[in-house]
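Data first, discussion second: the structure below is written as structure tokens.
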Amino acid sequence: MTATDTNAWGRPYYEAGHGDALLVYVVFGTLNTEAPFSLSKYRVNAVRQDVVPTRRPIEQSTGWFDVAPFAKDPAVVAAAKASSECIVLMGTVADPPDLGYLRDTVGTVQWLLDNGGVAVLDPQTFNWLSAADFTSTFFASGKPEVTQHVDILVSKEPGEATAWYHTRGLRKFGRPDLSVRGVTEAMQKDAEEALNRFIYFQQLGGFIREGVELNLRTMTGYVAKHGGSLDDPDFNNVHVELVKPSTK
């Protein structure tokens, strides 16, 4: 199977020149990398040269546990900490026109889980997953499952009855993350809809134009403003802010 054999792994809205994808996955366990690696079983088109595995003993990998407070299931983090080692899969994929790079990397993570892996950390979304959860969420269907690769986070704004809605994970697709501030209770549904639309559009290769306007009931006239930098700790990415008309 190649990336062009199926529409499932395509990017139908792709525009070239708008960003490189970054993938980072950390697989914990006692990992048997001598086990057979079937390209067809794991749906891997080729062993990638841009997403590179690095093996580390657990005592040299404690920095990854700084993300542990975000884990939904502490038992997954505990299993990772009890591991003897981890393998970090990390790399930049230049301006990808399809999602073959994601399919290949997910398949490689699954192979590691089938051969001694017990937990996976996705540092870009702060998500920890057991081996079973990774398999059911990202691998079992054979589809990209793009909506599972990005999280919408909601943070209460200090001293206000409003919230900040923002994403993490769109750098996996070489696209900006998203942000909208001052979200009231009445705006919540529209804010979620706007973010979900833009997430999906970008995952499939689209690019949000500067100044494009929204037309949602409580967000009519909001515009997209590009900003930030790749080292912004709120996103670890550049981002698009959806801004009120009065603050254009």
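Residue numbering restarts at 1 in every chain; chains get A, B, ... in the order shown in the structure tokens, and ligands count up from 1 in that same order.
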Would you please give, as a count of residues only, all residues of region 44-237 of chain A that DSSP assigns to strand (DSSP E or B) based on the backbone?
53
For Gly227 (chain A): contacts at 8 Å, only C-alpha atoms, fewer than 4 positions along chain excluded, given as a count of residues only:
4
Closest-contact table, region 104-152 of chain A side, partner region 44-57 of chain A, 10 Å, counting only C-alpha atoms, as CSV:
```
residue,atom,partner,partner_atom,distance
A:Asp104,CA,A:Val44,CA,4.5
A:Thr105,CA,A:Val51,CA,7.5
A:Val106,CA,A:Val44,CA,8.5
A:Gly107,CA,A:Val44,CA,5.9
A:Thr108,CA,A:Val44,CA,7.4
```
Determine, using only C-alpha atoms, which residues of region 7-77 of chain A have any atom at most 12 Å from an atom of region 149-153 of chain A, and tabulate each with its shortest atom pair and distance in Å to one decimal place, rows ordered by chain and then rising number, as JSON lines.
```
{"residue": "A:Leu23", "atom": "CA", "partner": "A:His149", "partner_atom": "CA", "distance": 10.7}
{"residue": "A:Val24", "atom": "CA", "partner": "A:His149", "partner_atom": "CA", "distance": 11.7}
{"residue": "A:Tyr25", "atom": "CA", "partner": "A:His149", "partner_atom": "CA", "distance": 11.7}
{"residue": "A:Phe70", "atom": "CA", "partner": "A:Leu153", "partner_atom": "CA", "distance": 11.4}
```
Just the residues within 7 Å of region 220-223 of chain A, please, counting only C-alpha atoms, with nothing from its chain fewer than 2 positions along; format it as a list in words.
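Within the cut-off, the hits are Gly211, Val212, Glu213, Leu214, Asn215, Leu216, Arg217, Thr218, Lys225, Leu242, Val243, Lys244 and Pro245 of chain A.
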Every residue of chain A that DSSP places in alpha helix (DSSP H), as JSON, numbers by chain:
{"A": [74, 75, 76, 77, 78, 79, 80, 81, 100, 101, 102, 103, 104, 105, 106, 107, 108, 109, 110, 111, 112, 113, 114, 131, 132, 133, 134, 188, 189, 190, 191, 192, 193, 194, 195, 196, 197, 198, 199, 200, 201, 202, 203]}
Same residues, C-alpha atoms, saved as a PDB file, in the first residue's frame:
```pdb
ATOM      1  CA  PRO A  74      -2.037   7.322  36.324  1.00  0.00           C
ATOM      2  CA  ALA A  75      -1.582   3.558  35.878  1.00  0.00           C
ATOM      3  CA  VAL A  76      -0.255   4.156  32.363  1.00  0.00           C
ATOM      4  CA  VAL A  77       2.417   6.523  33.684  1.00  0.00           C
ATOM      5  CA  ALA A  78       3.253   4.054  36.443  1.00  0.00           C
ATOM      6  CA  ALA A  79       3.775   1.321  33.837  1.00  0.00           C
ATOM      7  CA  ALA A  80       6.035   3.639  31.853  1.00  0.00           C
ATOM      8  CA  LYS A  81       8.097   4.488  34.935  1.00  0.00           C
ATOM      9  CA  GLY A 100       1.586   8.480   4.532  1.00  0.00           C
ATOM     10  CA  TYR A 101       4.188   9.687   7.022  1.00  0.00           C
ATOM     11  CA  LEU A 102       1.610   9.473   9.819  1.00  0.00           C
ATOM     12  CA  ARG A 103       0.470   5.998   8.771  1.00  0.00           C
ATOM     13  CA  ASP A 104       4.079   4.756   8.672  1.00  0.00           C
ATOM     14  CA  THR A 105       4.840   6.166  12.123  1.00  0.00           C
ATOM     15  CA  VAL A 106       1.656   4.842  13.724  1.00  0.00           C
ATOM     16  CA  GLY A 107       2.489   1.409  12.297  1.00  0.00           C
ATOM     17  CA  THR A 108       6.006   1.559  13.719  1.00  0.00           C
ATOM     18  CA  VAL A 109       4.666   2.506  17.162  1.00  0.00           C
ATOM     19  CA  GLN A 110       2.232  -0.419  16.951  1.00  0.00           C
ATOM     20  CA  TRP A 111       5.097  -2.808  16.133  1.00  0.00           C
ATOM     21  CA  LEU A 112       6.972  -1.623  19.218  1.00  0.00           C
ATOM     22  CA  LEU A 113       3.856  -2.103  21.352  1.00  0.00           C
ATOM     23  CA  ASP A 114       3.422  -5.628  19.990  1.00  0.00           C
ATOM     24  CA  ALA A 131      -0.788  -0.192  24.488  1.00  0.00           C
ATOM     25  CA  ALA A 132      -4.431  -1.269  24.176  1.00  0.00           C
ATOM     26  CA  ASP A 133      -5.681   2.331  23.971  1.00  0.00           C
ATOM     27  CA  PHE A 134      -3.167   3.267  21.270  1.00  0.00           C
ATOM     28  CA  GLN A 188     -19.108  27.462  23.638  1.00  0.00           C
ATOM     29  CA  LYS A 189     -20.899  25.451  20.953  1.00  0.00           C
ATOM     30  CA  ASP A 190     -19.845  27.842  18.180  1.00  0.00           C
ATOM     31  CA  ALA A 191     -16.245  27.976  19.435  1.00  0.00           C
ATOM     32  CA  GLU A 192     -16.029  24.189  19.375  1.00  0.00           C
ATOM     33  CA  GLU A 193     -17.570  24.067  15.913  1.00  0.00           C
ATOM     34  CA  ALA A 194     -15.157  26.681  14.552  1.00  0.00           C
ATOM     35  CA  LEU A 195     -12.126  24.918  15.981  1.00  0.00           C
ATOM     36  CA  ASN A 196     -13.239  21.494  14.794  1.00  0.00           C
ATOM     37  CA  ARG A 197     -13.858  22.781  11.276  1.00  0.00           C
ATOM     38  CA  PHE A 198     -10.436  24.421  11.104  1.00  0.00           C
ATOM     39  CA  ILE A 199      -8.701  21.400  12.660  1.00  0.00           C
ATOM     40  CA  TYR A 200     -10.109  19.023  10.058  1.00  0.00           C
ATOM     41  CA  PHE A 201      -9.507  21.430   7.170  1.00  0.00           C
ATOM     42  CA  GLN A 202      -5.859  21.819   8.137  1.00  0.00           C
ATOM     43  CA  GLN A 203      -5.279  18.139   8.826  1.00  0.00           C
TER      44      GLN A 203
END
```
Among the residues A:Cys86, A:Ala119, A:Leu170, A:Ala186, the one that comes closest to Asp20 (chain A) [using only C-alpha atoms]:
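Selected residue with least distance to Asp20 (chain A): A:Leu170.
Taking only C-alpha atoms into account, Leu22 (chain A) lies nearest to A:Phe173 out of the set A:Tyr42, A:Phe138, A:Phe173, A:Trp164.
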Write out as a ChimeraX atom specification the residues lying within 12 Å of region 8-10 of chain A, counting only C-alpha atoms and excluding same-chain residues fewer than 2 positions away.
/A:1-6,12-14,43,45,96-104,141-146,203-206
Skipping near chain neighbours, those fewer than 2 positions away, what residues fall within 7 Å of Val183 (chain A) using only C-alpha atoms, listed as a list in words?
Thr162, Ala163, Trp164, Arg181, Glu185, Met187 and Gln188 of chain A
Based on the selection just made, write C-alpha atoms of those residues as a CSV table (one decimal), in the first residue's frame.
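Once everything was written out, this is again_11.csv:
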```csv
chain,number,residue,atom,x,y,z
A,162,THR,CA,-15.1,33.2,30.1
A,163,ALA,CA,-12.7,30.6,28.8
A,164,TRP,CA,-9.8,30.2,26.5
A,181,ARG,CA,-10.2,33.8,23.9
A,185,GLU,CA,-21.1,30.1,28.0
A,187,MET,CA,-20.4,30.9,22.6
A,188,GLN,CA,-19.1,27.5,23.6
```
What is the distance, in Å and to one decimal place, between CA of Pro36 (chain A) and CA of Thr92 (chain A)?
26.0 Å
Selected residue, from A:Ala140, A:His18, A:Met90, A:Asp234, that lies nearest to His166 (chain A) when counting only C-alpha atoms:
A:Asp234
May I ask which of the residues A:Glu157, A:Glu85, A:Asp73, A:Asp95 is the closest one to Ser130 (chain A), counting only C-alpha atoms?
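Selected residue with least distance to Ser130 (chain A): A:Asp73.
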